[in-house]
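Chemist: Starting off with a structure, shown below.
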Amino acid sequence: MHLDTQDSPAITAEVERLLVRRTRDIRLKGDIQRLFRARIWSQTAKIIRAWMIWVAFLDVLTLALNMLMLPKAIALSMLLPGAIIPPVVVAVVLVWRTPRAPWLQGATLIAGMLLILLSVALVGVSAGGEFYERQLNIMLFVAITAIIIFGIPLAWTVTIAALALSLYLVFQLQNPRLEIGSAVAATLFFASGIFATVAARRTMTILAQKTFLFELRDRRRVAELAQANDQLKLLARTDPLTGLSNRRWMTETLDHLWSSGRKGPAAVGMLMCDIDDFKRLNDRLGHAEGDRCLVRVAGIIRDNVRHDRDHVARYGGEEFLVLLPEVNEQEAVAVAERIRESVEAAAFPNPASRVSRHVTISIGVAVQAQADEARSPEQLQRQADAALYLAKQTGRNRVLLHSPESTVRKNIRSTR
């Protein structure tokens, strides 16, 4: 079952409901039960396979020793019923190697246990004498070890216990050396031990289920905490008005690109964008209209860059910084000009502007080409700032490219 199922509201509510109950009253049902079985299946399957293999090994070893140490007639009488166990073990191990339908694995395990217990009992019946009672006791011991270590559903455990006691009672009633009363008394005595073992197994299962419920709740809380932390990080790096990254995030991005002793990107462009006469817009139309203007301009800038590569941040009140990796001068200027034209074409009102009756934007461009001497992000930003300053000084509503060769800046577009 998938992780998203574990985090579903229904699962969460059920986990909380179960955890407020007394431990002994915990009952897993539906999706939570399937989740629990999936969680413990691998460990349970390993235990069952290991137990089966050891039973087969001990069975073969015992039969071999019997052939060496017991009279031949008795040893041969044990051979046929004892030979039942190895093929049964192989079948159970094969079924429990990979997850299968619960009913199939349950039926296989219960049938396998029945045959193993029957084999142990028949060895004693075939040998007779002292082996009769001894093998029945061994049969119960085999059942008890399986019950205590198999982390299987309670219904399967109870079924195995009932089969073991039933076989014990049937064979004891046929024991020529015991009266009926003694057979029943012995069965009741061993039943108390079997029931105590089943109760212990049930307690272990309930504790495992409660631990699993705590894991589900803790995993959900950790996920919620991680989500909250991610949200806080996002808020700390996001401008709340425009939804763009803020100055802090852009600074971290620049530091990352120029970090680890590298000289920085081989080619990168930087745009410093500033809304013309934004203060006048605020004074004339009010701060609410100014905020709407910022949001609209931010959206235009974001729509005119490569979403998978470029970085945009609100850098100041009405200033925006755009980082363009892997561009040359012509490409950086083309992006800046596209932004400027889009803002102008949007025709947002700015009746107090000295440039136009609508909102305009000035952009300074600085580019580090592959052949240029490496510059720090601060140097590149100062150059973009200088180009922006000159664009403002020479009429606004224009894009200017900083020229690294001289103090002369190239006027890409004059005011209309």
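Ordered as shown in the structure tokens, chains take letters A, B, and onward, while each chain numbers its residues from 1 and ligands are numbered from 1 in the order shown.
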Name all residues at most 9 Å from Ala183 (chain A) (count only C-alpha atoms; drop same-chain ones fewer than 3 positions away) and give them as an NGL selection string.
Modeler: :A and (168-175 or 178-180 or 186-188)
Chemist: What lies within 12 Å of region 356-361 of chain A using only C-alpha atoms, ignoring chain neighbours under 5 positions off, as a ChimeraX atom specification?
Modeler: /A:271-282,289-290,292-294,296-298,300-301,318-320,336-351,388,391-392,395-400,415-416
Chemist: Enumerate, as a ChimeraX atom specification, the complete set of residues in region 103-318 of chain A that a backbone-based DSSP assignment places in helix (DSSP H, G or I).
Modeler: /A:103-127,130-149,154-173,180-237,247-257,278-285,287-303
Chemist: What lies within 12 Å of Phe189 (chain A) using only C-alpha atoms, ignoring chain neighbours under 3 positions off, as a VMD selection string?
Modeler: chain A and resid 137 140 165 168 to 169 182 to 186 192 to 196
Chemist: Separation of CA of Pro377 (chain A) and CA of Pro240 (chain A), in Å?
Modeler: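 So the two atoms, CA of Pro377 (chain A) and CA of Pro240 (chain A), lie 25.0 Å apart.
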Chemist: As an exercise, work out the distance from CA of Ala266 (chain A) to CA of Asp310 (chain A) in Å and give it to one decimal place.
Modeler: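 Between CA of Ala266 (chain A) and CA of Asp310 (chain A) the gap is 15.0 Å.
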Chemist: Let's see if you can do this: from backbone DSSP, list all strand (DSSP E) residues in region 132-318 of chain A, as a list in words.
Modeler: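 Here are the strand (DSSP E) residues of region 132-318 of chain A: Val268, Gly269, Met270, Leu271, Met272, Cys273, Asp274, Ile275, His311, Val312, Ala313 and Arg314 of chain A.
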Chemist: Now that the selection is made, can you save its residues with N, CA and C atoms as a PDB file, in the first residue's frame?
Modeler:
```pdb
ATOM      1  N   VAL A 268      26.588  34.725 -18.110  1.00  0.00           N
ATOM      2  CA  VAL A 268      25.420  35.045 -17.306  1.00  0.00           C
ATOM      3  C   VAL A 268      25.053  36.504 -17.515  1.00  0.00           C
ATOM      4  N   GLY A 269      23.761  36.761 -17.537  1.00  0.00           N
ATOM      5  CA  GLY A 269      23.271  38.130 -17.646  1.00  0.00           C
ATOM      6  C   GLY A 269      22.485  38.511 -16.415  1.00  0.00           C
ATOM      7  N   MET A 270      22.506  39.806 -16.087  1.00  0.00           N
ATOM      8  CA  MET A 270      21.769  40.303 -14.938  1.00  0.00           C
ATOM      9  C   MET A 270      21.010  41.558 -15.355  1.00  0.00           C
ATOM     10  N   LEU A 271      19.713  41.589 -15.030  1.00  0.00           N
ATOM     11  CA  LEU A 271      18.861  42.732 -15.333  1.00  0.00           C
ATOM     12  C   LEU A 271      18.418  43.381 -14.036  1.00  0.00           C
ATOM     13  N   MET A 272      18.611  44.684 -13.937  1.00  0.00           N
ATOM     14  CA  MET A 272      18.040  45.458 -12.834  1.00  0.00           C
ATOM     15  C   MET A 272      16.896  46.273 -13.409  1.00  0.00           C
ATOM     16  N   CYS A 273      15.679  45.970 -12.945  1.00  0.00           N
ATOM     17  CA  CYS A 273      14.471  46.601 -13.491  1.00  0.00           C
ATOM     18  C   CYS A 273      13.872  47.529 -12.435  1.00  0.00           C
ATOM     19  N   ASP A 274      13.424  48.706 -12.873  1.00  0.00           N
ATOM     20  CA  ASP A 274      12.852  49.674 -11.936  1.00  0.00           C
ATOM     21  C   ASP A 274      11.655  50.348 -12.602  1.00  0.00           C
ATOM     22  N   ILE A 275      10.515  50.375 -11.900  1.00  0.00           N
ATOM     23  CA  ILE A 275       9.310  51.017 -12.434  1.00  0.00           C
ATOM     24  C   ILE A 275       9.510  52.526 -12.420  1.00  0.00           C
ATOM     25  N   HIS A 311      16.038  33.271 -13.034  1.00  0.00           N
ATOM     26  CA  HIS A 311      15.629  33.582 -11.664  1.00  0.00           C
ATOM     27  C   HIS A 311      15.170  35.037 -11.592  1.00  0.00           C
ATOM     28  N   VAL A 312      14.009  35.237 -10.946  1.00  0.00           N
ATOM     29  CA  VAL A 312      13.444  36.577 -10.808  1.00  0.00           C
ATOM     30  C   VAL A 312      13.169  36.836  -9.337  1.00  0.00           C
ATOM     31  N   ALA A 313      13.519  38.044  -8.878  1.00  0.00           N
ATOM     32  CA  ALA A 313      13.275  38.396  -7.478  1.00  0.00           C
ATOM     33  C   ALA A 313      12.875  39.864  -7.381  1.00  0.00           C
ATOM     34  N   ARG A 314      11.996  40.132  -6.419  1.00  0.00           N
ATOM     35  CA  ARG A 314      11.739  41.534  -6.071  1.00  0.00           C
ATOM     36  C   ARG A 314      12.867  41.966  -5.149  1.00  0.00           C
TER      37      ARG A 314
END
```
Chemist: Taking a cut-off of 8 Å and counting only C-alpha atoms, can you build a table that, for each residue of region 137-186 of chain A near region 44-47 of chain A, reports the nearest atom pair and how far apart they are in Å (one decimal), sorted by chain then residue number, as a Markdown table?
Modeler:
```
| residue | atom | partner | partner_atom | distance |
| --- | --- | --- | --- | --- |
| A:Ile149 | CA | A:Ile47 | CA | 7.5 |
| A:Phe150 | CA | A:Thr44 | CA | 6.6 |
| A:Gly151 | CA | A:Thr44 | CA | 5.7 |
| A:Ile152 | CA | A:Thr44 | CA | 7.4 |
```
Chemist: How would the residues just chosen look if you wrote them out with C-alpha atoms as a PDB file, in the first residue's frame?
Modeler:
```pdb
ATOM      1  CA  ILE A 149       7.277 -16.958  17.287  1.00  0.00           C
ATOM      2  CA  PHE A 150       4.901 -16.735  14.315  1.00  0.00           C
ATOM      3  CA  GLY A 151       3.644 -13.151  14.026  1.00  0.00           C
ATOM      4  CA  ILE A 152       0.476 -14.208  12.227  1.00  0.00           C
TER       5      ILE A 152
END
```
